[in-house]
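One file, input_33.csv, is given below (CSV, C-alpha atoms).
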chain,number,residue,atom,x,y,z
G,1,MET,CA,-7.0,108.0,162.7
G,2,SER,CA,-6.0,104.3,162.2
G,3,GLU,CA,-9.4,102.8,163.0
G,4,GLN,CA,-8.5,99.4,161.6
G,5,ALA,CA,-7.0,100.9,158.5
G,6,THR,CA,-5.0,98.3,156.5
G,7,ILE,CA,-1.6,99.3,155.1
G,8,PHE,CA,0.3,97.3,152.5
G,9,VAL,CA,4.1,97.8,152.9
G,10,VAL,CA,5.8,96.7,149.7
G,11,ASP,CA,9.6,96.7,150.1
G,12,ASP,CA,12.4,94.2,149.3
G,13,ASP,CA,14.4,95.3,152.4
G,14,PRO,CA,13.5,93.1,155.3
G,15,ASP,CA,14.7,95.7,157.8
G,16,ILE,CA,12.3,98.3,156.4
G,17,ARG,CA,9.4,95.8,156.4
G,18,GLU,CA,10.1,94.8,160.1
G,19,LEU,CA,10.4,98.5,161.1
G,20,LEU,CA,7.1,99.5,159.6
G,21,GLU,CA,5.3,96.4,160.8
G,22,ASP,CA,6.3,97.1,164.3
G,23,TYR,CA,5.9,100.9,164.3
G,24,LEU,CA,2.6,101.1,162.4
G,25,GLY,CA,1.3,98.0,164.2
G,26,ASP,CA,1.9,99.9,167.5
G,27,GLN,CA,-0.1,102.8,166.1
G,28,GLY,CA,-3.2,100.6,165.6
G,29,TYR,CA,-2.9,99.8,161.9
G,30,THR,CA,-3.2,96.4,160.3
G,31,VAL,CA,0.0,95.9,158.3
G,32,VAL,CA,0.6,93.5,155.5
G,33,ALA,CA,4.3,93.3,154.6
G,34,LEU,CA,5.2,92.2,151.1
G,35,SER,CA,8.6,91.7,149.5
G,36,SER,CA,7.9,91.7,145.8
G,37,ALA,CA,5.6,92.9,143.0
G,38,ASP,CA,4.3,89.3,142.6
G,39,ALA,CA,3.4,89.1,146.3
G,40,PHE,CA,1.7,92.5,146.2
G,41,ARG,CA,-0.4,91.5,143.2
G,42,ASP,CA,-1.4,88.3,144.8
G,43,ALA,CA,-2.4,90.1,148.0
G,44,LEU,CA,-4.5,92.6,146.0
G,45,GLY,CA,-6.5,89.7,144.7
G,46,ASN,CA,-7.6,88.9,148.3
G,47,GLN,CA,-7.8,92.3,150.0
G,48,VAL,CA,-7.7,96.0,149.0
G,49,PRO,CA,-5.8,98.1,151.5
G,50,ASP,CA,-6.5,101.7,152.5
G,51,VAL,CA,-3.0,102.8,151.7
G,52,VAL,CA,0.0,101.3,149.9
G,53,LEU,CA,3.6,102.2,151.0
G,54,LEU,CA,5.4,101.3,147.8
G,55,ASP,CA,9.2,101.1,147.3
G,56,VAL,CA,10.3,102.5,143.9
G,57,GLY,CA,13.3,100.2,143.6
G,58,LEU,CA,11.7,96.8,143.8
G,59,PRO,CA,13.5,94.0,141.8
G,60,GLY,CA,11.7,92.8,138.7
G,61,GLU,CA,8.5,94.9,138.2
G,62,ASP,CA,9.3,98.2,139.9
G,63,GLY,CA,7.2,100.4,142.2
G,64,LEU,CA,6.4,102.9,139.5
G,65,SER,CA,4.7,100.2,137.3
G,66,LEU,CA,2.8,98.9,140.4
G,67,ALA,CA,1.7,102.5,141.3
G,68,ARG,CA,0.3,102.9,137.8
G,69,HIS,CA,-1.6,99.6,138.1
G,70,VAL,CA,-3.0,100.6,141.5
G,71,ARG,CA,-4.1,104.1,140.4
G,72,GLU,CA,-5.9,102.6,137.3
G,73,HIS,CA,-7.8,100.0,139.2
G,74,PHE,CA,-8.2,101.0,142.8
G,75,GLU,CA,-9.3,104.0,144.9
G,76,VAL,CA,-6.6,103.7,147.5
G,77,GLY,CA,-3.8,106.0,148.8
G,78,ILE,CA,-0.3,105.6,147.4
G,79,ILE,CA,2.9,106.7,149.2
G,80,MET,CA,6.1,106.1,147.2
G,81,VAL,CA,9.3,105.4,149.0
G,82,SER,CA,12.5,106.1,147.1
G,83,GLY,CA,16.2,105.9,147.7
G,84,ALA,CA,18.0,109.2,148.4
G,85,GLY,CA,18.7,111.1,145.2
G,86,GLU,CA,16.2,109.3,143.0
G,87,THR,CA,14.6,112.6,142.1
G,88,VAL,CA,13.4,111.5,138.6
G,89,ASP,CA,11.6,108.5,140.1
G,90,ARG,CA,9.8,110.8,142.6
G,91,ILE,CA,8.7,113.1,139.8
G,92,ILE,CA,7.4,110.2,137.7
G,93,GLY,CA,5.6,108.8,140.7
G,94,LEU,CA,3.8,112.0,141.4
G,95,GLU,CA,2.9,112.4,137.7
G,96,ILE,CA,1.5,108.8,137.8
G,97,GLY,CA,-0.8,109.9,140.6
G,98,ALA,CA,1.0,108.9,143.9
G,99,ASP,CA,-0.3,110.9,146.8
G,100,ASP,CA,3.0,111.5,148.4
G,101,TYR,CA,6.6,110.3,148.6
G,102,LEU,CA,9.4,109.8,151.2
G,103,ALA,CA,13.1,109.4,150.7
G,104,LYS,CA,15.1,106.8,152.6
G,105,PRO,CA,16.2,107.0,155.3
G,106,PHE,CA,13.0,108.4,156.8
G,107,ASP,CA,11.7,109.1,160.3
G,108,PRO,CA,8.7,106.8,161.0
G,109,ARG,CA,7.0,109.7,162.7
G,110,GLU,CA,7.1,111.7,159.5
G,111,LEU,CA,5.7,108.7,157.6
G,112,HIS,CA,2.9,108.4,160.1
G,113,ALA,CA,2.0,112.1,159.6
G,114,ARG,CA,1.9,111.6,155.8
G,115,LEU,CA,-0.1,108.5,156.2
G,116,LYS,CA,-2.8,110.2,158.3
G,117,SER,CA,-3.0,113.0,155.7
G,118,VAL,CA,-3.6,110.5,152.9
G,119,LEU,CA,-6.1,108.4,154.9
G,120,ARG,CA,-8.1,111.6,155.6
G,121,ARG,CA,-9.1,112.0,152.0
G,122,TYR,CA,-9.7,108.4,151.1
G,123,ARG,CA,-11.9,107.9,154.1
G,124,ASN,CA,-14.0,110.9,153.0
G,125,THR,CA,-13.6,112.7,156.2
G,126,PRO,CA,-13.5,116.5,156.4
G,127,GLY,CA,-10.1,118.2,156.1
G,128,LYS,CA,-8.7,120.6,158.7
G,129,ALA,CA,-10.8,123.3,160.2
G,130,ALA,CA,-11.9,125.9,157.7
G,131,GLU,CA,-10.3,129.3,158.0
G,132,THR,CA,-13.0,131.4,156.3
G,133,ASP,CA,-16.8,131.5,156.1
G,134,THR,CA,-16.5,130.5,152.4
G,135,ALA,CA,-14.7,127.2,153.3
G,136,ALA,CA,-17.6,126.3,155.6
G,137,GLU,CA,-19.9,125.8,152.6
G,138,GLU,CA,-20.4,122.3,151.5
G,139,ARG,CA,-19.3,123.0,147.9
G,140,ILE,CA,-17.0,125.8,146.7
G,141,PRO,CA,-16.8,126.8,143.0
G,142,PHE,CA,-13.3,125.9,141.9
G,143,GLY,CA,-12.3,126.5,138.3
G,144,VAL,CA,-14.6,124.7,135.9
G,145,GLY,CA,-16.0,122.5,138.7
G,146,GLU,CA,-16.7,122.5,142.4
G,147,LEU,CA,-14.8,121.4,145.5
G,148,ASP,CA,-16.9,119.3,147.9
G,149,MET,CA,-15.3,120.0,151.3
G,150,GLN,CA,-17.4,117.5,153.2
G,151,ARG,CA,-16.7,114.6,150.9
G,152,CYS,CA,-13.2,115.7,149.9
G,153,GLN,CA,-14.0,115.5,146.2
G,154,LEU,CA,-13.5,117.6,143.1
G,155,LEU,CA,-16.6,117.6,140.9
G,156,ASP,CA,-17.0,118.7,137.3
G,157,SER,CA,-19.8,120.9,136.0
G,158,LYS,CA,-22.2,117.9,135.8
G,159,GLY,CA,-21.5,116.8,139.4
G,160,GLN,CA,-19.3,113.9,138.4
G,161,GLU,CA,-16.2,113.2,140.5
G,162,ILE,CA,-12.9,114.1,139.0
G,163,PRO,CA,-10.2,111.8,140.3
G,164,ILE,CA,-7.7,113.6,142.6
G,165,THR,CA,-5.1,112.3,145.0
G,166,ALA,CA,-5.1,113.1,148.7
G,167,MET,CA,-2.4,115.7,148.3
G,168,GLU,CA,-4.2,117.3,145.4
G,169,PHE,CA,-7.3,117.7,147.6
G,170,GLU,CA,-5.2,119.2,150.4
G,171,LEU,CA,-3.8,121.8,148.0
G,172,LEU,CA,-7.2,122.7,146.7
G,173,ARG,CA,-8.5,123.0,150.3
G,174,VAL,CA,-5.6,125.3,151.2
G,175,PHE,CA,-6.3,127.5,148.1
G,176,ALA,CA,-10.1,127.5,148.7
G,177,THR,CA,-9.7,128.8,152.2
G,178,ARG,CA,-7.2,131.5,151.1
G,179,PRO,CA,-8.6,133.0,147.9
G,180,ASN,CA,-6.7,135.8,146.2
G,181,ARG,CA,-3.7,135.3,148.5
G,182,PRO,CA,-0.2,134.5,147.0
G,183,LEU,CA,1.2,131.4,148.7
G,184,SER,CA,4.8,130.3,148.4
G,185,ARG,CA,5.9,126.8,147.9
G,186,ASP,CA,7.2,126.7,151.4
G,187,GLN,CA,3.8,127.9,152.8
G,188,LEU,CA,2.0,125.3,150.7
G,189,LEU,CA,4.1,122.4,151.9
G,190,THR,CA,3.9,123.6,155.5
G,191,LEU,CA,0.0,123.8,155.3
G,192,THR,CA,-0.5,120.5,153.5
G,193,GLN,CA,2.3,118.3,154.8
G,194,ASN,CA,3.8,120.2,157.8
G,195,ARG,CA,7.3,120.2,156.2
G,196,GLU,CA,9.5,122.9,154.6
G,197,TRP,CA,10.2,123.3,150.9
G,198,ASP,CA,13.7,123.0,149.5
G,199,PRO,CA,14.9,124.4,146.1
G,200,TYR,CA,15.2,120.9,144.6
G,201,ASP,CA,11.6,119.9,145.6
G,202,ARG,CA,9.3,120.0,142.5
G,203,SER,CA,6.4,118.2,144.1
G,204,ILE,CA,4.3,121.4,144.4
G,205,ASP,CA,4.9,122.4,140.8
G,206,ILE,CA,4.0,118.9,139.5
G,207,ARG,CA,0.8,118.8,141.5
G,208,ILE,CA,-0.2,122.3,140.4
G,209,ALA,CA,0.3,121.3,136.8
G,210,ARG,CA,-1.9,118.2,137.3
G,211,LEU,CA,-4.6,120.3,139.0
G,212,ARG,CA,-4.6,122.8,136.2
G,213,ARG,CA,-5.4,120.0,133.7
G,214,LYS,CA,-8.4,119.3,135.8
G,215,ILE,CA,-9.8,122.7,136.6
G,216,GLU,CA,-8.6,125.1,134.0
G,217,PRO,CA,-10.4,125.7,130.6
G,218,GLU,CA,-6.9,126.1,129.1
G,219,PRO,CA,-4.3,124.6,131.3
G,220,ASP,CA,-1.5,126.3,129.5
G,221,LYS,CA,-3.1,129.7,130.2
G,222,PRO,CA,-4.3,129.3,133.8
G,223,VAL,CA,-6.7,131.8,135.2
G,224,PHE,CA,-7.8,130.1,138.4
G,225,LEU,CA,-4.5,128.7,139.7
G,226,LYS,CA,-2.2,131.6,138.8
G,227,THR,CA,1.6,131.7,139.0
G,228,VAL,CA,2.8,134.7,141.0
G,229,ARG,CA,6.3,135.4,139.7
G,230,GLY,CA,9.0,135.3,142.4
G,231,MET,CA,6.4,134.1,145.0
G,232,GLY,CA,4.4,131.0,144.2
G,233,TYR,CA,0.8,130.4,143.4
G,234,MET,CA,-2.6,132.0,144.0
G,235,PHE,CA,-6.2,130.9,143.6
G,236,VAL,CA,-8.4,133.4,141.9
G,237,PRO,CA,-12.1,132.4,142.3
G,238,GLN,CA,-13.5,134.7,139.6
G,239,PRO,CA,-10.8,135.7,137.1
Is it possible to express this structure as structure tokens?
Amino acid sequence: MSEQATIFVVDDDPDIRELLEDYLGDQGYTVVALSSADAFRDALGNQVPDVVLLDVGLPGEDGLSLARHVREHFEVGIIMVSGAGETVDRIIGLEIGADDYLAKPFDPRELHARLKSVLRRYRNTPGKAAETDTAAEERIPFGVGELDMQRCQLLDSKGQEIPITAMEFELLRVFATRPNRPLSRDQLLTLTQNREWDPYDRSIDIRIARLRRKIEPEPDKPVFLKTVRGMGYMFVPQP
């Protein structure tokens, strides 16, 4: 999956930078390790990476501010890295448009799995194998727009791309291949990120809220991405 992908690691902890340089370098990635917001902004002026691993708790300008800047100006993947217990920062990061987050300390193998998932969308490669004949179609009607499974894009009624993150696309793909089926938060996390849900994890709910603003005629009264009380969520193609 690496195929010369360039990863910016932005973290003020030298041990984290060295760990990720060594591990991701061994996986075939080009890694640029940066210790501050200023160094990151300077590096962006010379090269745009495929994915940014961005520490929330940077000194000076923090990772949330940098994530907002990246999302506004570049079409690249963003994985936030936060200290244990920084739940509020994780929620804000997801609302800004980060693709994923990890809490320290983390297993480099888990980071690599998340990284591959994010790269898949930004490199416009197809997602996982479709599970139904419907998913094999190039475009699937989804809410007020269409989901382009081949290009990993969400399009509005005029065919213009609606910006979505890699994780948001993965959620849409999972729903599109399982219409009219209630899916729990645990199932959604397993299918999109191969990890289990815990009661304090709000990432699915935050992403569903973001997606509803993009695909529902009235986000506060969803008809396509419906809440199934006591269960989770369900995609209804034709409400």
Exercise on region 8-25 of chain G, axis-aligned box with 4 Å per side, report centre and edge lengths in Å to one decimal, as lines of an AutoDock Vina configuration file:
center_x = 7.5
center_y = 97.1
center_z = 156.8
size_x = 22.4
size_y = 16.0
size_z = 23.0
Report summary line: One decimal place gives the CA of Asp148 (chain G)-CA of Thr190 (chain G) separation as 22.6 Å
Per residue of region 142-208 of chain G within 12 Å of region 64-77 of chain G, record the nearest atom pair and its distance in Å to one decimal, counting only C-alpha atoms, with rows in chain order and ascending residue number, as CSV.
residue,atom,partner,partner_atom,distance
G:Pro163,CA,G:Glu75,CA,9.1
G:Ile164,CA,G:Glu75,CA,10.0
G:Thr165,CA,G:Gly77,CA,7.5
G:Ala166,CA,G:Gly77,CA,7.2
G:Met167,CA,G:Gly77,CA,9.8
G:Glu168,CA,G:Gly77,CA,11.8
Query raised in the report: For Pro237 (chain G), which residue among G:Lys221, G:Arg181, G:Arg202, G:Arg210 is the nearest when counting only C-alpha atoms?
Result: G:Arg181
Query raised in the report: Can you tell me how far CA of Tyr29 (chain G) sits from CA of Tyr101 (chain G), in Å to one decimal?
Result: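 Separation of CA of Tyr29 (chain G) and CA of Tyr101 (chain G): 19.4 Å.
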**Report entry** CA of Phe40 (chain G) to CA of Gly60 (chain G), distance in Å rounded to a single decimal
**Finding:**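 CA of Gly60 (chain G) lies 12.5 Å from CA of Phe40 (chain G).
Nearest-residue note for Val52 (chain G): choosing from G:Asp11, G:Asp107, G:Glu95, G:Asp156, the minimum distance belongs to G:Asp11, counting only C-alpha atoms.
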**Report entry** Minimum-distance residue to Arg41 (chain G), chosen among G:Glu216, G:Asp205, G:Glu61, G:Glu138 (using all atoms listed in the file)
**Finding:**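 Among G:Glu216, G:Asp205, G:Glu61, G:Glu138, it is G:Glu61 that comes nearest to Arg41 (chain G).
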Requested in this report: Compile the contact shell of Val56 (chain G) as a PyMOL selection string: residues with an atom at most 7 Å away, counting all atoms listed in the file, same-chain residues fewer than 6 positions apart removed.
Outcome: chain G and resi 62-64+80-82
Please produce a file of the residues just selected, as an mmCIF file, in the frame of the given file, where the atoms kept are C-alpha atoms.
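The resulting file, selection-v3.cif, is shown below:
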data_model
loop_
_atom_site.group_PDB
_atom_site.id
_atom_site.type_symbol
_atom_site.label_atom_id
_atom_site.label_comp_id
_atom_site.auth_asym_id
_atom_site.auth_seq_id
_atom_site.Cartn_x
_atom_site.Cartn_y
_atom_site.Cartn_z
ATOM 1 C CA ASP G 62 9.300 98.200 139.900
ATOM 2 C CA GLY G 63 7.200 100.400 142.200
ATOM 3 C CA LEU G 64 6.400 102.900 139.500
ATOM 4 C CA MET G 80 6.100 106.100 147.200
ATOM 5 C CA VAL G 81 9.300 105.400 149.000
ATOM 6 C CA SER G 82 12.500 106.100 147.100
#
Report task. Check the smallest atom-to-atom distance from each of G:Val48, G:Ile79, G:Leu24, G:Ala209 to Val10 (chain G) using only C-alpha atoms, then report the winner. Result ->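 Closest to Val10 (chain G) of all the choices is G:Ile79.
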